[in-house]
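Structure file input_2.pdb; described as PDB, C-alpha atoms.
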```pdb
MODEL        1
ATOM      1  CA  LEU A   5      11.585  13.492   8.065  1.00  0.00           C
ATOM      2  CA  THR A   6      13.975  12.438   5.326  1.00  0.00           C
ATOM      3  CA  MET A   7      11.586   9.682   4.293  1.00  0.00           C
ATOM      4  CA  LEU A   8       8.686  12.145   4.122  1.00  0.00           C
ATOM      5  CA  VAL A   9      10.738  14.377   1.807  1.00  0.00           C
ATOM      6  CA  LEU A  10      11.625  11.352  -0.346  1.00  0.00           C
ATOM      7  CA  ALA A  11       7.954  10.380  -0.554  1.00  0.00           C
ATOM      8  CA  ALA A  12       6.978  13.941  -1.515  1.00  0.00           C
ATOM      9  CA  VAL A  13       9.670  14.144  -4.217  1.00  0.00           C
ATOM     10  CA  SER A  14       8.577  10.753  -5.600  1.00  0.00           C
ATOM     11  CA  ARG A  15       4.996  12.057  -5.951  1.00  0.00           C
ATOM     12  CA  VAL A  16       3.418   9.391  -3.753  1.00  0.00           C
ATOM     13  CA  SER A  17      -0.363   9.592  -3.718  1.00  0.00           C
ATOM     14  CA  GLY A  18      -1.841  11.674  -0.924  1.00  0.00           C
ATOM     15  CA  LEU A  19      -4.328   8.880  -0.272  1.00  0.00           C
ATOM     16  CA  ILE A  20      -1.514   6.417   0.436  1.00  0.00           C
ATOM     17  CA  ILE A  21       0.180   8.888   2.781  1.00  0.00           C
ATOM     18  CA  ALA A  22      -3.145   9.534   4.551  1.00  0.00           C
ATOM     19  CA  LEU A  23      -3.769   5.792   4.940  1.00  0.00           C
ATOM     20  CA  MET A  24      -0.287   5.275   6.353  1.00  0.00           C
ATOM     21  CA  ALA A  25      -0.773   8.181   8.779  1.00  0.00           C
ATOM     22  CA  PHE A  26      -4.145   6.817   9.899  1.00  0.00           C
ATOM     23  CA  SER A  27      -2.804   3.298  10.381  1.00  0.00           C
ATOM     24  CA  THR A  28       0.190   4.628  12.325  1.00  0.00           C
ATOM     25  CA  PHE A  29      -2.105   6.704  14.547  1.00  0.00           C
ATOM     26  CA  CYS A  30      -4.302   3.650  15.227  1.00  0.00           C
ATOM     27  CA  ASN A  31      -1.199   1.585  15.909  1.00  0.00           C
ATOM     28  CA  LEU A  32       0.030   4.145  18.442  1.00  0.00           C
ATOM     29  CA  ILE A  33      -3.308   4.024  20.278  1.00  0.00           C
ATOM     30  CA  TYR A  34      -3.110   0.235  20.275  1.00  0.00           C
ATOM     31  CA  LEU A  35       0.423   0.382  21.697  1.00  0.00           C
ATOM     32  CA  VAL A  36      -0.634   2.708  24.524  1.00  0.00           C
ATOM     33  CA  VAL A  37      -3.505   0.393  25.446  1.00  0.00           C
ATOM     34  CA  LEU A  38      -1.257  -2.659  25.189  1.00  0.00           C
ATOM     35  CA  ALA A  39       1.421  -1.083  27.378  1.00  0.00           C
ATOM     36  CA  LEU A  40      -1.155  -0.224  30.033  1.00  0.00           C
ATOM     37  CA  VAL A  41      -2.862  -3.643  29.919  1.00  0.00           C
ATOM     38  CA  ILE A  42       0.338  -5.656  30.338  1.00  0.00           C
ATOM     39  CA  GLY A  43       1.354  -3.523  33.276  1.00  0.00           C
ATOM     40  CA  GLY A  44       4.053  -1.549  31.568  1.00  0.00           C
ATOM     41  CA  ASP A  45       4.789   2.111  31.872  1.00  0.00           C
ATOM     42  CA  LEU A  46       5.776   4.778  29.389  1.00  0.00           C
ATOM     43  CA  GLU A  47       9.205   3.192  28.990  1.00  0.00           C
ATOM     44  CA  ALA A  48       7.605   0.108  27.404  1.00  0.00           C
ATOM     45  CA  PHE A  49       5.566   2.373  25.140  1.00  0.00           C
ATOM     46  CA  ALA A  50       8.691   4.327  24.149  1.00  0.00           C
ATOM     47  CA  SER A  51      10.499   1.166  23.076  1.00  0.00           C
ATOM     48  CA  MET A  52       7.511   0.039  20.989  1.00  0.00           C
ATOM     49  CA  LEU A  53       7.231   3.559  19.573  1.00  0.00           C
ATOM     50  CA  THR A  54      10.807   3.392  18.287  1.00  0.00           C
ATOM     51  CA  LEU A  55      10.088   0.146  16.460  1.00  0.00           C
ATOM     52  CA  THR A  56       6.871   1.587  15.001  1.00  0.00           C
ATOM     53  CA  PHE A  57       8.681   4.602  13.566  1.00  0.00           C
ATOM     54  CA  LYS A  58      11.422   2.408  12.120  1.00  0.00           C
ATOM     55  CA  LEU A  59       8.797   0.289  10.365  1.00  0.00           C
ATOM     56  CA  LEU A  60       7.070   3.440   9.132  1.00  0.00           C
ATOM     57  CA  ALA A  61      10.332   4.721   7.648  1.00  0.00           C
ATOM     58  CA  VAL A  62      10.873   1.434   5.786  1.00  0.00           C
ATOM     59  CA  ALA A  63       7.271   1.512   4.535  1.00  0.00           C
ATOM     60  CA  LEU A  64       7.642   5.084   3.266  1.00  0.00           C
ATOM     61  CA  VAL A  65      10.816   4.203   1.385  1.00  0.00           C
ATOM     62  CA  SER A  66       9.197   1.171  -0.239  1.00  0.00           C
ATOM     63  CA  VAL A  67       6.131   3.202  -1.253  1.00  0.00           C
ATOM     64  CA  ALA A  68       8.365   5.917  -2.705  1.00  0.00           C
ATOM     65  CA  VAL A  69      10.352   3.345  -4.690  1.00  0.00           C
ATOM     66  CA  PHE A  70       7.275   1.644  -6.119  1.00  0.00           C
ATOM     67  CA  ALA A  71       5.643   4.982  -6.957  1.00  0.00           C
ATOM     68  CA  SER A  72       8.559   6.167  -9.063  1.00  0.00           C
ATOM     69  CA  LEU A  73      10.061   2.963 -10.451  1.00  0.00           C
ATOM     70  CA  ASP A  74       9.538   1.786 -14.002  1.00  0.00           C
ATOM     71  CA  PRO A  75       8.396  -1.881 -14.207  1.00  0.00           C
ATOM     72  CA  GLU A  76      11.160  -2.724 -16.675  1.00  0.00           C
ATOM     73  CA  LYS A  77      13.883  -1.366 -14.393  1.00  0.00           C
ATOM     74  CA  PHE A  78      12.342  -3.224 -11.464  1.00  0.00           C
ATOM     75  CA  SER A  79      12.320  -6.451 -13.463  1.00  0.00           C
ATOM     76  CA  ASP A  80      15.948  -5.906 -14.505  1.00  0.00           C
ATOM     77  CA  ALA A  81      16.921  -5.308 -10.879  1.00  0.00           C
ATOM     78  CA  LEU A  82      15.237  -8.547  -9.828  1.00  0.00           C
ATOM     79  CA  LEU A  83      17.020 -10.422 -12.614  1.00  0.00           C
ATOM     80  CA  SER A  84      20.363  -9.031 -11.416  1.00  0.00           C
ATOM     81  CA  LEU A  85      19.532 -10.414  -7.959  1.00  0.00           C
ATOM     82  CA  LYS A  86      19.195 -13.887  -9.564  1.00  0.00           C
ATOM     83  CA  VAL A  87      15.397 -14.039  -9.235  1.00  0.00           C
ATOM     84  CA  PRO A  88      14.001 -16.480 -11.847  1.00  0.00           C
ATOM     85  CA  GLY A  89      12.812 -14.888 -15.069  1.00  0.00           C
ATOM     86  CA  GLN A  90       9.270 -16.224 -14.724  1.00  0.00           C
ATOM     87  CA  VAL A  91       8.894 -14.559 -11.329  1.00  0.00           C
ATOM     88  CA  CYS A  92      10.273 -11.274 -12.691  1.00  0.00           C
ATOM     89  CA  PHE A  93       7.859 -11.423 -15.613  1.00  0.00           C
ATOM     90  CA  GLY A  94       4.919 -12.157 -13.302  1.00  0.00           C
ATOM     91  CA  ILE A  95       5.752  -9.251 -11.015  1.00  0.00           C
ATOM     92  CA  SER A  96       6.293  -6.867 -13.924  1.00  0.00           C
ATOM     93  CA  TYR A  97       3.073  -7.993 -15.616  1.00  0.00           C
ATOM     94  CA  GLY A  98       1.062  -7.619 -12.413  1.00  0.00           C
ATOM     95  CA  TYR A  99       2.607  -4.217 -11.789  1.00  0.00           C
ATOM     96  CA  ARG A 100       1.361  -3.075 -15.196  1.00  0.00           C
ATOM     97  CA  MET A 101      -2.025  -4.833 -15.191  1.00  0.00           C
ATOM     98  CA  ILE A 102      -3.399  -4.085 -11.707  1.00  0.00           C
ATOM     99  CA  PRO A 103      -4.039  -0.374 -12.416  1.00  0.00           C
ATOM    100  CA  ILE A 104      -5.805  -1.309 -15.658  1.00  0.00           C
ATOM    101  CA  LEU A 105      -7.978  -3.892 -13.888  1.00  0.00           C
ATOM    102  CA  VAL A 106      -8.915  -1.426 -11.146  1.00  0.00           C
ATOM    103  CA  GLU A 107      -9.841   1.193 -13.751  1.00  0.00           C
ATOM    104  CA  GLN A 108     -12.005  -1.313 -15.639  1.00  0.00           C
ATOM    105  CA  TYR A 109     -13.728  -2.342 -12.393  1.00  0.00           C
ATOM    106  CA  GLN A 110     -14.517   1.297 -11.616  1.00  0.00           C
ATOM    107  CA  GLN A 111     -15.933   1.821 -15.112  1.00  0.00           C
ATOM    108  CA  ILE A 112     -18.211  -1.211 -14.754  1.00  0.00           C
ATOM    109  CA  ILE A 113     -19.525  -0.022 -11.388  1.00  0.00           C
ATOM    110  CA  SER A 114     -20.038   3.485 -12.810  1.00  0.00           C
ATOM    111  CA  SER A 115     -22.036   2.063 -15.714  1.00  0.00           C
ATOM    112  CA  PHE A 116     -24.265   0.178 -13.264  1.00  0.00           C
ATOM    113  CA  ARG A 117     -24.826   3.378 -11.297  1.00  0.00           C
ATOM    114  CA  LEU A 118     -25.658   5.364 -14.440  1.00  0.00           C
ATOM    115  CA  ARG A 119     -28.362   2.833 -15.299  1.00  0.00           C
ATOM    116  CA  GLY A 120     -29.701   2.975 -11.746  1.00  0.00           C
ATOM    117  CA  ARG A 121     -29.027  -0.681 -11.105  1.00  0.00           C
ATOM    118  CA  MET A 122     -26.495  -2.326  -8.858  1.00  0.00           C
ATOM    119  CA  PRO A 123     -25.067  -5.796  -9.428  1.00  0.00           C
ATOM    120  CA  THR A 124     -27.172  -8.562  -7.948  1.00  0.00           C
ATOM    121  CA  GLY A 125     -25.888 -10.806  -5.208  1.00  0.00           C
ATOM    122  CA  GLY A 126     -24.305 -10.116  -1.874  1.00  0.00           C
ATOM    123  CA  ARG A 127     -20.702 -10.495  -2.913  1.00  0.00           C
ATOM    124  CA  TRP A 128     -18.031  -8.277  -1.424  1.00  0.00           C
ATOM    125  CA  LEU A 129     -17.086  -6.735  -4.802  1.00  0.00           C
ATOM    126  CA  ARG A 130     -20.567  -5.327  -5.216  1.00  0.00           C
TER     127      ARG A 130
ENDMDL
END
```
Written as structure tokens, that's how I'd like the structure from this file.
Amino acid sequence: LTMLVLAAVSRVSGLIIALMAFSTFCNLIYLVVLALVIGGDLEAFASMLTLTFKLLAVALVSVAVFASLDPEKFSDALLSLKVPGQVCFGISYGYRMIPILVEQYQQIISSFRLRGRMPTGGRWLR
């Protein structure tokens, strides 16, 4: 519950929270099926459930940190941990550029849709 509050205070996207909830729900179904297939009982499921919730808590914290952290502060923190400067620059640059690239991709696809044409070819980015 503490991690959910931290994620809410950090203004994590609702889509990311929904995706994490969906993946956790699917994982729980998988664990029930796995426990029944290998001949376990609810005790085996309970032990796997504990691990799943621990991993979920770590994932929520990391999402909250990346949602609210400035790329420069993140790069400075990596430098203080003795990560090479080139790696820090690459991570900081990617952290800044990926949202721009995704926005440009969406604008290109929107322009294709406005013209009534879709990109040719059967590629997965189409």
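Straight-line separation from CA of Leu46 (chain A) to CA of Leu64 (chain A): 26.2 Å.
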Would you pick out the contacts of Asp80 (chain A) at 10 Å or less, using all atoms listed in the file, so that residues sharing its chain but fewer than 6 positions from it are not included, and give the list as a ChimeraX atom specification? /A:86-87,89,92-93,96
Given the file above and the PyMOL selection byres ((chain A and resi 79) around 10), which residues are selected, and can you give them as a list in words? Asp74, Pro75, Glu76, Lys77, Phe78, Asp80, Ala81, Leu82, Leu83, Ser84, Leu85, Val87, Gly89, Val91, Cys92, Phe93, Gly94, Ile95, Ser96 and Tyr97 of chain A
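Put simply, CA of Val65 (chain A) is 15.1 Å away from CA of Leu23 (chain A).
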Find the residue from A:Leu10, A:Ala50, A:Met122, A:Leu32 that sits nearest to Ser66 (chain A); use all atoms listed in the file when measuring. A:Leu10
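Taking CA of Phe49 (chain A) and CA of Ala68 (chain A) as endpoints, the distance between them is 28.2 Å.
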Explicit residues for the PyMOL selection byres ((chain A and resi 15) around 12) (as a PyMOL selection string): chain A and resi 8-14+16-21+64+67-73
Can those selected residues be exported to a file as an mmCIF file, keeping the file's coordinate frame so that it contains C-alpha atoms?
```
data_model
loop_
_atom_site.group_PDB
_atom_site.id
_atom_site.type_symbol
_atom_site.label_atom_id
_atom_site.label_comp_id
_atom_site.auth_asym_id
_atom_site.auth_seq_id
_atom_site.Cartn_x
_atom_site.Cartn_y
_atom_site.Cartn_z
ATOM 1 C CA LEU A 8 8.686 12.145 4.122
ATOM 2 C CA VAL A 9 10.738 14.377 1.807
ATOM 3 C CA LEU A 10 11.625 11.352 -0.346
ATOM 4 C CA ALA A 11 7.954 10.380 -0.554
ATOM 5 C CA ALA A 12 6.978 13.941 -1.515
ATOM 6 C CA VAL A 13 9.670 14.144 -4.217
ATOM 7 C CA SER A 14 8.577 10.753 -5.600
ATOM 8 C CA VAL A 16 3.418 9.391 -3.753
ATOM 9 C CA SER A 17 -0.363 9.592 -3.718
ATOM 10 C CA GLY A 18 -1.841 11.674 -0.924
ATOM 11 C CA LEU A 19 -4.328 8.880 -0.272
ATOM 12 C CA ILE A 20 -1.514 6.417 0.436
ATOM 13 C CA ILE A 21 0.180 8.888 2.781
ATOM 14 C CA LEU A 64 7.642 5.084 3.266
ATOM 15 C CA VAL A 67 6.131 3.202 -1.253
ATOM 16 C CA ALA A 68 8.365 5.917 -2.705
ATOM 17 C CA VAL A 69 10.352 3.345 -4.690
ATOM 18 C CA PHE A 70 7.275 1.644 -6.119
ATOM 19 C CA ALA A 71 5.643 4.982 -6.957
ATOM 20 C CA SER A 72 8.559 6.167 -9.063
ATOM 21 C CA LEU A 73 10.061 2.963 -10.451
#
```
Would you write out, as a count of residues only, every residue that the PyMOL selection byres ((chain A and resi 35) around 12) captures in this file? 27
Output as an mmCIF file, in the frame of the given file: region 43-64 of chain A, completed with N, CA, C and O atoms.
```
data_model
loop_
_atom_site.group_PDB
_atom_site.id
_atom_site.type_symbol
_atom_site.label_atom_id
_atom_site.label_comp_id
_atom_site.auth_asym_id
_atom_site.auth_seq_id
_atom_site.Cartn_x
_atom_site.Cartn_y
_atom_site.Cartn_z
ATOM 1 N N GLY A 43 0.730 -4.009 32.056
ATOM 2 C CA GLY A 43 1.354 -3.523 33.276
ATOM 3 C C GLY A 43 2.625 -2.738 33.066
ATOM 4 O O GLY A 43 3.385 -2.521 34.004
ATOM 5 N N GLY A 44 2.856 -2.320 31.850
ATOM 6 C CA GLY A 44 4.053 -1.549 31.568
ATOM 7 C C GLY A 44 3.841 -0.074 31.849
ATOM 8 O O GLY A 44 2.759 0.369 32.227
ATOM 9 N N ASP A 45 4.880 0.669 31.680
ATOM 10 C CA ASP A 45 4.789 2.111 31.872
ATOM 11 C C ASP A 45 5.147 2.791 30.546
ATOM 12 O O ASP A 45 5.146 2.167 29.493
ATOM 13 N N LEU A 46 5.455 4.056 30.614
ATOM 14 C CA LEU A 46 5.776 4.778 29.389
ATOM 15 C C LEU A 46 7.094 4.324 28.770
ATOM 16 O O LEU A 46 7.329 4.538 27.584
ATOM 17 N N GLU A 47 7.956 3.705 29.539
ATOM 18 C CA GLU A 47 9.205 3.192 28.990
ATOM 19 C C GLU A 47 8.940 2.057 27.997
ATOM 20 O O GLU A 47 9.573 1.978 26.945
ATOM 21 N N ALA A 48 7.984 1.187 28.329
ATOM 22 C CA ALA A 48 7.605 0.108 27.404
ATOM 23 C C ALA A 48 6.994 0.689 26.138
ATOM 24 O O ALA A 48 7.272 0.235 25.020
ATOM 25 N N PHE A 49 6.165 1.726 26.303
ATOM 26 C CA PHE A 49 5.566 2.373 25.140
ATOM 27 C C PHE A 49 6.636 3.030 24.271
ATOM 28 O O PHE A 49 6.574 2.968 23.050
ATOM 29 N N ALA A 50 7.629 3.647 24.902
ATOM 30 C CA ALA A 50 8.691 4.327 24.149
ATOM 31 C C ALA A 50 9.489 3.336 23.304
ATOM 32 O O ALA A 50 9.864 3.638 22.167
ATOM 33 N N SER A 51 9.744 2.155 23.852
ATOM 34 C CA SER A 51 10.499 1.166 23.076
ATOM 35 C C SER A 51 9.671 0.654 21.898
ATOM 36 O O SER A 51 10.197 0.445 20.804
ATOM 37 N N MET A 52 8.369 0.467 22.097
ATOM 38 C CA MET A 52 7.511 0.039 20.989
ATOM 39 C C MET A 52 7.329 1.166 19.977
ATOM 40 O O MET A 52 7.187 0.928 18.785
ATOM 41 N N LEU A 53 7.362 2.402 20.453
ATOM 42 C CA LEU A 53 7.231 3.559 19.573
ATOM 43 C C LEU A 53 8.422 3.662 18.620
ATOM 44 O O LEU A 53 8.258 3.951 17.439
ATOM 45 N N THR A 54 9.600 3.367 19.123
ATOM 46 C CA THR A 54 10.807 3.392 18.287
ATOM 47 C C THR A 54 10.698 2.372 17.155
ATOM 48 O O THR A 54 10.985 2.693 15.997
ATOM 49 N N LEU A 55 10.257 1.177 17.481
ATOM 50 C CA LEU A 55 10.088 0.146 16.460
ATOM 51 C C LEU A 55 9.024 0.555 15.445
ATOM 52 O O LEU A 55 9.198 0.363 14.237
ATOM 53 N N THR A 56 7.940 1.151 15.910
ATOM 54 C CA THR A 56 6.871 1.587 15.001
ATOM 55 C C THR A 56 7.380 2.619 14.012
ATOM 56 O O THR A 56 7.084 2.549 12.814
ATOM 57 N N PHE A 57 8.167 3.579 14.475
ATOM 58 C CA PHE A 57 8.681 4.602 13.566
ATOM 59 C C PHE A 57 9.727 4.049 12.608
ATOM 60 O O PHE A 57 9.833 4.508 11.467
ATOM 61 N N LYS A 58 10.479 3.056 13.037
ATOM 62 C CA LYS A 58 11.422 2.408 12.120
ATOM 63 C C LYS A 58 10.672 1.681 11.012
ATOM 64 O O LYS A 58 11.049 1.757 9.836
ATOM 65 N N LEU A 59 9.608 0.971 11.376
ATOM 66 C CA LEU A 59 8.797 0.289 10.365
ATOM 67 C C LEU A 59 8.115 1.278 9.425
ATOM 68 O O LEU A 59 7.999 1.040 8.228
ATOM 69 N N LEU A 60 7.682 2.407 9.957
ATOM 70 C CA LEU A 60 7.070 3.440 9.132
ATOM 71 C C LEU A 60 8.072 4.009 8.133
ATOM 72 O O LEU A 60 7.729 4.255 6.972
ATOM 73 N N ALA A 61 9.298 4.204 8.554
ATOM 74 C CA ALA A 61 10.332 4.721 7.648
ATOM 75 C C ALA A 61 10.592 3.740 6.511
ATOM 76 O O ALA A 61 10.697 4.135 5.343
ATOM 77 N N VAL A 62 10.663 2.446 6.820
ATOM 78 C CA VAL A 62 10.873 1.434 5.786
ATOM 79 C C VAL A 62 9.675 1.399 4.833
ATOM 80 O O VAL A 62 9.837 1.296 3.615
ATOM 81 N N ALA A 63 8.471 1.519 5.377
ATOM 82 C CA ALA A 63 7.271 1.512 4.535
ATOM 83 C C ALA A 63 7.240 2.726 3.615
ATOM 84 O O ALA A 63 6.878 2.604 2.438
ATOM 85 N N LEU A 64 7.621 3.885 4.109
ATOM 86 C CA LEU A 64 7.642 5.084 3.266
ATOM 87 C C LEU A 64 8.650 4.955 2.129
ATOM 88 O O LEU A 64 8.378 5.363 1.005
#
```
